[in-house]
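With compact mmCIF, C-alpha atoms and all ligand atoms inside, this is work_28.txt:
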# COMPACT_ATOMS: atom_id res chain seq x y z
CA MET A 651 4.76 23.46 48.09
CA THR A 652 4.64 21.86 51.62
CA ALA A 653 8.35 22.43 52.31
CA LEU A 654 8.01 26.13 51.50
CA ARG A 655 5.47 26.60 54.32
CA LEU A 656 7.93 25.64 57.07
CA PRO A 657 9.70 29.03 57.52
CA CYS A 658 6.30 30.70 58.12
CA LEU A 659 5.14 28.38 60.97
CA LYS A 660 6.54 30.46 63.90
CA LEU A 661 4.62 33.65 62.98
CA PRO A 662 1.24 34.64 64.60
CA THR A 663 -1.79 32.83 63.14
CA GLU A 664 -3.42 35.66 61.08
CA ALA A 665 -0.07 36.89 59.78
CA THR A 666 0.86 33.30 59.05
CA ARG A 667 -2.22 32.83 56.86
CA LEU A 668 -1.59 36.06 54.96
CA LEU A 669 2.07 35.32 54.50
CA LEU A 670 1.35 31.75 53.50
CA ALA A 671 -1.13 32.95 50.92
CA ARG A 672 1.41 35.43 49.55
CA CYS A 673 4.19 32.83 49.70
CA GLN A 674 2.04 30.31 47.83
CA THR A 675 0.92 32.82 45.20
CA ALA A 676 4.46 34.05 44.64
CA VAL A 677 5.90 30.55 44.56
CA THR A 678 3.18 29.34 42.19
CA VAL A 679 3.87 32.21 39.78
CA LEU A 680 7.59 31.57 40.09
CA CYS A 681 7.11 27.86 39.38
CA LEU A 682 4.95 28.58 36.33
CA LEU A 683 7.51 31.06 35.03
CA LEU A 684 10.28 28.55 35.56
CA LEU A 685 8.29 25.79 33.85
CA ALA A 686 7.42 28.04 30.92
CA GLY A 687 11.04 29.08 30.65
CA CYS A 688 12.19 25.45 30.74
CA ALA A 689 9.67 24.35 28.07
CA SER A 690 10.65 27.15 25.72
CA GLU A 691 14.32 26.47 26.36
CA ARG A 692 13.89 22.74 25.66
CA SER A 693 12.06 23.13 22.36
CA GLY A 694 14.16 26.08 21.25
CA ALA A 695 11.47 26.95 18.68
CA PRO A 696 11.01 30.67 17.85
CA TYR A 697 7.26 30.15 17.39
CA SER A 698 4.26 28.56 19.06
CA ILE A 699 1.93 25.95 17.51
CA ASN A 700 -1.83 26.57 17.32
CA ASP A 701 -3.72 23.51 16.05
CA SER A 702 -7.23 24.65 16.97
CA LEU A 703 -8.27 25.30 13.31
CA LYS A 704 -8.57 22.65 10.56
CA ALA A 705 -8.58 23.04 6.75
CA ASN A 706 -11.02 21.23 4.38
CA GLY A 707 -8.69 20.87 1.38
CA LYS A 708 -6.72 17.70 2.12
CA ASN A 709 -6.32 14.05 1.16
CA SER A 710 -4.13 11.11 2.00
CA ARG A 711 -0.72 10.90 0.33
CA ILE A 712 -1.46 7.19 -0.27
CA ASP A 713 -3.17 6.36 -3.58
CA ILE A 714 -1.75 2.91 -4.47
CA ILE A 715 -1.74 -0.44 -2.65
CA VAL A 716 0.83 -3.01 -3.81
CA LEU A 717 0.44 -6.70 -3.00
CA HIS A 718 3.51 -8.95 -2.89
CA TYR A 719 4.44 -12.48 -2.00
CA THR A 720 7.43 -13.15 0.22
CA ALA A 721 8.84 -16.14 -1.72
CA SER A 722 9.93 -17.50 1.66
CA THR A 723 8.65 -18.90 4.96
CA LYS A 724 7.20 -16.62 7.62
CA PRO A 725 10.29 -16.62 9.92
CA SER A 726 12.59 -15.93 7.01
CA ALA A 727 10.34 -13.17 5.64
CA LEU A 728 10.00 -11.45 9.02
CA LEU A 729 13.77 -11.59 9.53
CA THR A 730 14.44 -10.07 6.12
CA LEU A 731 11.75 -7.41 6.42
CA THR A 732 12.95 -6.25 9.84
CA ASN A 733 16.72 -6.46 9.37
CA ARG A 734 17.46 -5.41 5.81
CA GLU A 735 16.82 -2.35 3.70
CA VAL A 736 13.61 -3.83 2.34
CA SER A 737 10.33 -3.52 4.19
CA ALA A 738 6.55 -3.50 3.94
CA HIS A 739 3.79 -1.95 5.97
CA TYR A 740 2.10 -5.31 6.56
CA VAL A 741 2.89 -9.02 6.36
CA VAL A 742 -0.02 -11.46 6.19
CA SER A 743 1.04 -14.84 7.57
CA ASP A 744 0.04 -18.27 6.29
CA ASP A 745 -1.03 -19.52 9.74
CA SER A 746 -4.41 -21.29 9.95
CA LYS A 747 -5.65 -18.11 11.63
CA PRO A 748 -3.53 -15.54 9.79
CA VAL A 749 -1.58 -12.95 11.73
CA VAL A 750 -1.08 -9.49 10.22
CA TYR A 751 2.28 -8.04 11.25
CA LYS A 752 2.35 -4.25 11.09
CA LEU A 753 6.00 -3.40 10.46
CA VAL A 754 5.83 0.19 9.21
CA ASP A 755 3.37 2.91 10.19
CA GLU A 756 1.10 3.95 7.30
CA ASN A 757 2.31 7.55 7.68
CA LEU A 758 5.81 6.44 6.70
CA SER A 759 7.19 5.03 3.43
CA ALA A 760 8.08 1.34 3.36
CA TRP A 761 10.75 0.17 0.92
CA HIS A 762 8.77 -2.43 -1.00
CA ALA A 763 8.19 -1.44 -4.63
CA GLY A 764 11.62 -0.27 -5.83
CA GLU A 765 11.79 1.08 -9.36
CA SER A 766 8.15 1.16 -10.36
CA SER A 767 5.50 2.91 -12.44
CA TRP A 768 1.70 2.98 -12.48
CA TYR A 769 -0.43 5.35 -14.60
CA GLY A 770 2.70 7.43 -15.19
CA ARG A 771 3.50 7.74 -11.47
CA THR A 772 7.04 6.54 -10.92
CA PHE A 773 8.91 5.49 -7.76
CA ILE A 774 5.70 4.79 -5.89
CA ASN A 775 7.04 3.92 -2.41
CA PRO A 776 6.18 7.34 -0.89
CA ARG A 777 2.57 7.16 -2.15
CA SER A 778 1.78 3.47 -1.60
CA ILE A 779 1.08 0.88 1.08
CA GLY A 780 2.96 -2.41 0.68
CA ILE A 781 1.40 -5.68 1.80
CA GLU A 782 3.55 -8.82 1.79
CA ILE A 783 1.78 -12.19 1.75
CA VAL A 784 3.67 -15.22 3.04
CA HIS A 785 3.84 -17.61 0.07
CA PRO A 786 6.68 -19.74 -1.33
CA GLY A 787 6.52 -18.07 -4.74
CA TRP A 788 6.07 -19.09 -8.32
CA THR A 789 8.39 -20.12 -11.09
CA ARG A 790 7.41 -20.22 -14.71
CA ASN A 791 7.68 -23.80 -15.94
CA SER A 792 7.06 -25.23 -19.36
CA ASP A 793 3.97 -27.02 -17.99
CA GLY A 794 2.52 -23.70 -16.78
CA ASP A 795 2.87 -24.56 -13.08
CA SER A 796 1.76 -21.58 -11.03
CA GLY A 797 2.94 -22.76 -7.62
CA PRO A 798 0.81 -23.62 -4.59
CA SER A 799 -2.52 -21.90 -4.14
CA TYR A 800 -3.03 -19.33 -1.39
CA PRO A 801 -4.95 -20.67 1.66
CA ALA A 802 -8.54 -19.38 1.79
CA ALA A 803 -8.09 -17.99 5.32
CA GLN A 804 -5.04 -16.01 4.18
CA ILE A 805 -6.92 -14.56 1.20
CA ASP A 806 -9.82 -13.60 3.47
CA ALA A 807 -7.32 -11.75 5.68
CA VAL A 808 -5.75 -10.02 2.66
CA ILE A 809 -9.19 -8.95 1.42
CA ALA A 810 -10.22 -7.54 4.80
CA LEU A 811 -6.90 -5.75 5.36
CA THR A 812 -6.69 -4.32 1.83
CA ARG A 813 -10.30 -3.16 1.94
CA GLU A 814 -9.67 -1.37 5.23
CA VAL A 815 -6.47 0.30 3.98
CA ALA A 816 -8.19 1.34 0.72
CA ARG A 817 -11.12 2.82 2.64
CA ARG A 818 -8.82 4.68 5.03
CA HIS A 819 -6.91 6.36 2.20
CA GLY A 820 -9.54 6.47 -0.55
CA VAL A 821 -7.54 4.18 -2.90
CA ALA A 822 -9.38 3.52 -6.20
CA ALA A 823 -9.99 -0.05 -7.46
CA GLU A 824 -7.57 0.31 -10.40
CA ASN A 825 -4.80 1.31 -8.00
CA ILE A 826 -4.86 -1.94 -6.02
CA VAL A 827 -2.15 -3.82 -7.87
CA GLY A 828 0.52 -6.50 -7.74
CA HIS A 829 4.25 -5.86 -7.67
CA SER A 830 4.41 -7.40 -11.16
CA ASP A 831 1.95 -4.76 -12.42
CA VAL A 832 4.14 -1.83 -11.32
CA ALA A 833 7.50 -3.49 -12.12
CA PRO A 834 6.71 -5.95 -14.95
CA LEU A 835 10.31 -6.29 -16.13
CA ARG A 836 11.64 -7.29 -12.70
CA LYS A 837 8.87 -8.87 -10.65
CA GLN A 838 6.39 -11.76 -10.75
CA ASP A 839 4.64 -11.41 -7.39
CA PRO A 840 2.03 -12.11 -6.16
CA GLY A 841 2.00 -14.52 -9.13
CA PRO A 842 -0.72 -16.25 -11.15
CA ALA A 843 -1.91 -18.29 -8.14
CA PHE A 844 -3.16 -15.07 -6.54
CA PRO A 845 -6.99 -14.89 -6.91
CA TRP A 846 -7.49 -11.33 -8.18
CA LYS A 847 -11.00 -12.14 -9.42
CA LYS A 848 -12.05 -13.25 -5.94
CA LEU A 849 -10.71 -9.98 -4.53
CA ALA A 850 -12.59 -7.93 -7.13
CA GLN A 851 -15.80 -9.85 -6.38
CA ALA A 852 -15.28 -8.90 -2.72
CA GLY A 853 -14.99 -5.24 -3.72
CA VAL A 854 -11.18 -5.06 -3.67
CA GLY A 855 -9.42 -4.14 -6.91
CA ARG A 856 -10.41 -4.29 -10.58
CA TRP A 857 -11.62 -6.97 -12.97
CA PHE A 858 -12.72 -6.96 -16.61
CA ASP A 859 -16.26 -7.12 -18.04
CA GLU A 860 -16.45 -10.84 -18.82
CA ALA A 861 -19.44 -10.63 -21.20
CA ALA A 862 -17.74 -7.92 -23.25
CA ALA A 863 -14.49 -9.90 -23.25
CA ALA A 864 -16.25 -12.98 -24.68
CA LYS A 865 -17.71 -10.85 -27.48
CA TYR A 866 -14.35 -9.22 -28.30
CA GLN A 867 -12.57 -12.56 -28.23
CA ALA A 868 -14.92 -14.01 -30.86
CA GLU A 869 -14.27 -10.93 -32.98
CA TYR A 870 -10.47 -11.31 -32.71
CA VAL A 871 -10.60 -15.03 -33.41
CA ARG A 872 -12.58 -14.23 -36.55
CA ASN A 873 -10.54 -11.25 -37.75
CA GLY A 874 -7.14 -11.73 -36.13
CA SER A 875 -5.60 -10.16 -33.01
CA PRO A 876 -4.61 -6.48 -32.84
CA ASP A 877 -1.05 -5.37 -33.61
CA ALA A 878 1.76 -4.38 -31.20
CA GLY A 879 0.92 -0.67 -31.28
CA TRP A 880 -2.65 -1.44 -30.19
CA PHE A 881 -1.43 -3.63 -27.30
CA GLN A 882 1.01 -0.95 -26.16
CA LYS A 883 -1.65 1.78 -26.18
CA GLN A 884 -4.15 -0.42 -24.35
CA LEU A 885 -1.64 -1.55 -21.71
CA LYS A 886 -0.79 2.10 -21.10
CA ARG A 887 -4.50 2.97 -20.87
CA VAL A 888 -4.98 0.52 -18.00
CA GLY A 889 -1.91 1.66 -16.04
CA TYR A 890 1.15 -0.20 -17.29
CA SER A 891 4.39 1.47 -18.29
CA VAL A 892 5.29 0.18 -21.75
CA PRO A 893 7.32 1.60 -24.64
CA GLU A 894 5.35 2.52 -27.77
CA THR A 895 7.69 0.86 -30.31
CA ASN A 896 4.93 -0.63 -32.48
CA TYR A 897 6.53 -4.05 -32.34
CA PHE A 898 6.54 -6.84 -29.77
CA ASP A 899 9.85 -6.03 -28.07
CA ALA A 900 11.00 -7.83 -24.92
CA ASN A 901 9.60 -5.11 -22.61
CA THR A 902 6.17 -5.32 -24.22
CA LEU A 903 6.11 -9.12 -23.95
CA HIS A 904 7.09 -8.93 -20.24
CA THR A 905 4.28 -6.44 -19.71
CA ILE A 906 1.79 -8.71 -21.49
CA ALA A 907 2.90 -11.49 -19.12
CA ALA A 908 2.29 -9.17 -16.14
CA PHE A 909 -1.18 -8.37 -17.47
CA GLN A 910 -1.88 -12.10 -17.88
CA MET A 911 -0.68 -12.87 -14.33
CA HIS A 912 -3.36 -10.49 -13.07
CA TYR A 913 -6.19 -10.97 -15.58
CA ARG A 914 -5.52 -14.34 -17.25
CA PRO A 915 -3.69 -16.35 -14.60
CA GLU A 916 -4.68 -19.69 -16.16
CA SER A 917 -2.25 -19.10 -19.02
CA VAL A 918 0.75 -16.81 -18.57
CA ASN A 919 2.66 -17.17 -21.83
CA SER A 920 3.45 -13.58 -22.95
CA LYS A 921 1.54 -14.21 -26.19
CA PRO A 922 -0.58 -11.35 -27.56
CA ASP A 923 -3.43 -13.70 -28.45
CA ALA A 924 -7.15 -13.08 -29.02
CA GLN A 925 -8.17 -13.83 -25.42
CA THR A 926 -5.52 -11.53 -23.96
CA ALA A 927 -6.51 -8.73 -26.34
CA ALA A 928 -10.20 -9.21 -25.50
CA ARG A 929 -9.65 -9.06 -21.73
CA LEU A 930 -7.41 -6.03 -22.10
CA ARG A 931 -10.07 -4.22 -24.13
CA ALA A 932 -12.78 -5.17 -21.60
CA LEU A 933 -10.78 -3.83 -18.65
CA PRO A 934 -12.00 -0.44 -17.46
CA THR A 935 -9.55 2.46 -17.22
CA ASN A 936 -11.07 3.42 -13.87
CA GLY A 937 -13.30 1.57 -11.45
CA SER A 938 -13.78 -2.06 -10.53
CA GLY A 939 -15.34 -3.34 -13.77
CA LEU A 940 -17.80 -5.46 -11.78
ZN ZN A 1001 7.34 -7.78 -4.31
Using the file provided, produce a representation of the structure as structure tokens.
Ligand SMILES: [Zn+2]
Amino acid sequence: MTALRLPCLKLPTEATRLLLARCQTAVTVLCLLLLAGCASERSGAPYSINDSLKANGKNSRIDIIVLHYTASTKPSALLTLTNREVSAHYVVSDDSKPVVYKLVDENLSAWHAGESSWYGRTFINPRSIGIEIVHPGWTRNSDGDSGPSYPAAQIDAVIALTREVARRHGVAAENIVGHSDVAPLRKQDPGPAFPWKKLAQAGVGRWFDEAAAAKYQAEYVRNGSPDAGWFQKQLKRVGYSVPETNYFDANTLHTIAAFQMHYRPESVNSKPDAQTAARLRALPTNGSGL
């Protein structure tokens, strides 16, 4: 504005003030018009946005949280998760004071679950949050080795982070799951060393009614375990995708192993035994179970 005053300086004082006022008003209007014109030209949108009103009917698009292990060291995991076509929203490190790396915004899909199913919802990446936990992984050995345990500080970090994400999006207890739960034929993470019961006791995820399970187990030991059709119906009831073939096909046995990794980690053997049947029956369809 200062430069535009200069041509008016040689005029008489009163006239100068009047002219200056007119100059400034005219120039201000011109500037505003130019700015408005530029803004409209830049956006090119044939409408304007009014965000002063808000609707009540809404919820988060996130309704599942999937926990994974990296099966690698922290540097290797971070390199893979930031350079390849696989990703996760968060990585929880195994440092003595764990660091949570936020790699993908929660409003965006991360590519962590792949082909997956939970309570009939398939391809869950767009509706889930993926949390990777730095851990070397687990291999099934004949001696039942479950791999190294997760450090307590890391589990505390996972609990706090998962609880916060679940609260933010209203994720139900039964929808806080492992990768092996949603992809039982392909995945084994976060593995039987992962302390799901500790999470459930801290208000994160689901567990079974242990008193009821003990009662059911005694019943099955006495009368024999249920048949394949029963297992398939029950696994489906608690979220798993399993074919209803009425016999113990390979898919069903893999799914029983996935159930055991979560709810009977002390013995992952794919066997449809009395204890597995009892825990399955004592697991609530919805809610934490504790
Ligand atoms: Zn995974």
Could you give me, as a tab-separated table, a per-residue list for chain A showing, wherever an atom lies at most 7 Å from an atom of ligand ZN 1001 (chain A), the closest pair of atoms and their distance in Å to one decimal, using all atoms listed in the file and sorting by chain then residue number from low to high?
residue	atom	partner	partner_atom	distance
A:His718	CA	A:ZN1001	ZN	4.2
A:Tyr719	CA	A:ZN1001	ZN	6.0
A:His762	CA	A:ZN1001	ZN	6.5
A:Ala763	CA	A:ZN1001	ZN	6.4
A:His829	CA	A:ZN1001	ZN	5.0
A:Lys837	CA	A:ZN1001	ZN	6.6
A:Asp839	CA	A:ZN1001	ZN	5.5
Centre and edge lengths of an axis-aligned box around all listed atoms of region 726-743 of chain A, with 6 Å added on each side, are to be given in Å to one decimal, as JSON.
{"center_x": 8.7, "center_y": -8.9, "center_z": 6.1, "size_x": 29.5, "size_y": 26.0, "size_z": 19.5}
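Of the residues listed (A:Ala843, A:Ile826, A:Ala927, A:Val888), A:Ala927 shows the shortest atom-to-atom separation from Gly874 (chain A); distances use all atoms listed in the file.
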Checklist entry - Which residues come within 8 Å of region 738-751 of chain A, counting all atoms listed in the file, excluding same-chain residues fewer than 3 positions away, as a ChimeraX atom specification? => result /A:724,728,731,754-756,760-762,779-785,801,803-804,807-808
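In this comparison, which uses only C-alpha atoms, the residue of A:Gly820, A:Gly770, A:Gly694, A:Pro798 approaching Asn709 (chain A) most closely is A:Gly820.
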Checklist entry - When you draw a straight line from CA of Glu824 (chain A) to CA of Asp899 (chain A), how long is it in Å? => result 25.6 Å
Item to check | Option closest in space to Ser799 (chain A), from A:Pro834, A:Pro893, A:Pro725, A:Pro915 [counting all atoms listed in the file] | outcome: A:Pro915
Next on the checklist: Excluding Ala852 (chain A) and its own-chain neighbours fewer than 4 positions away, which residues fall within 9 Å of it when counting only C-alpha atoms? Please give them as a PyMOL selection string.
Outcome noted: chain A and resi 809+813+847-848
Next on the checklist: Is it possible to get the residues within 7 Å of (6.2, -18.8, 1.0) (coordinates as in the file, counting only C-alpha atoms) written as a ChimeraX atom specification?
Outcome noted: /A:720-723,784-787
Using the selection just defined, write its residues with C-alpha atoms as a CSV table (one decimal), in the frame of the given file.
chain,number,residue,atom,x,y,z
A,720,THR,CA,7.4,-13.2,0.2
A,721,ALA,CA,8.8,-16.1,-1.7
A,722,SER,CA,9.9,-17.5,1.7
A,723,THR,CA,8.6,-18.9,5.0
A,784,VAL,CA,3.7,-15.2,3.0
A,785,HIS,CA,3.8,-17.6,0.1
A,786,PRO,CA,6.7,-19.7,-1.3
A,787,GLY,CA,6.5,-18.1,-4.7
Checklist outcome for this item: In Å and to one decimal, CA of Trp788 (chain A) is distant from CA of Phe844 (chain A) by 10.2 Å
Item to check | Distance query 8 Å from (3.5, 8.2, -2.0) using only C-alpha atoms, result as a VMD selection string | outcome: chain A and resid 711 to 714 759 774 to 778
Checklist entry - Do you know which residues are at most 12 Å from Leu940 (chain A) counting all atoms listed in the file, after dropping those on the same chain fewer than 3 positions away, and could you put them as a PyMOL selection string? => result chain A and resi 823-824+847-862+932-934+936-937
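Coordinates place CA of Trp768 (chain A) at a distance of 5.5 Å from CA of Val832 (chain A).
Nearest residue to Gln882 (chain A), choosing from A:Tyr913, A:Leu930, A:Glu869, A:Asp923 and counting only C-alpha atoms: A:Leu930.
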Item to check | Close residues, Ala833 (chain A) itself excluded, 8 Å, all atoms listed in the file, min 2 positions apart in chain, as a list in words | outcome: Ala763, Glu765, Ser766, Ser767, His829, Ser830, Asp831, Leu835, Arg836 and Lys837 of chain A
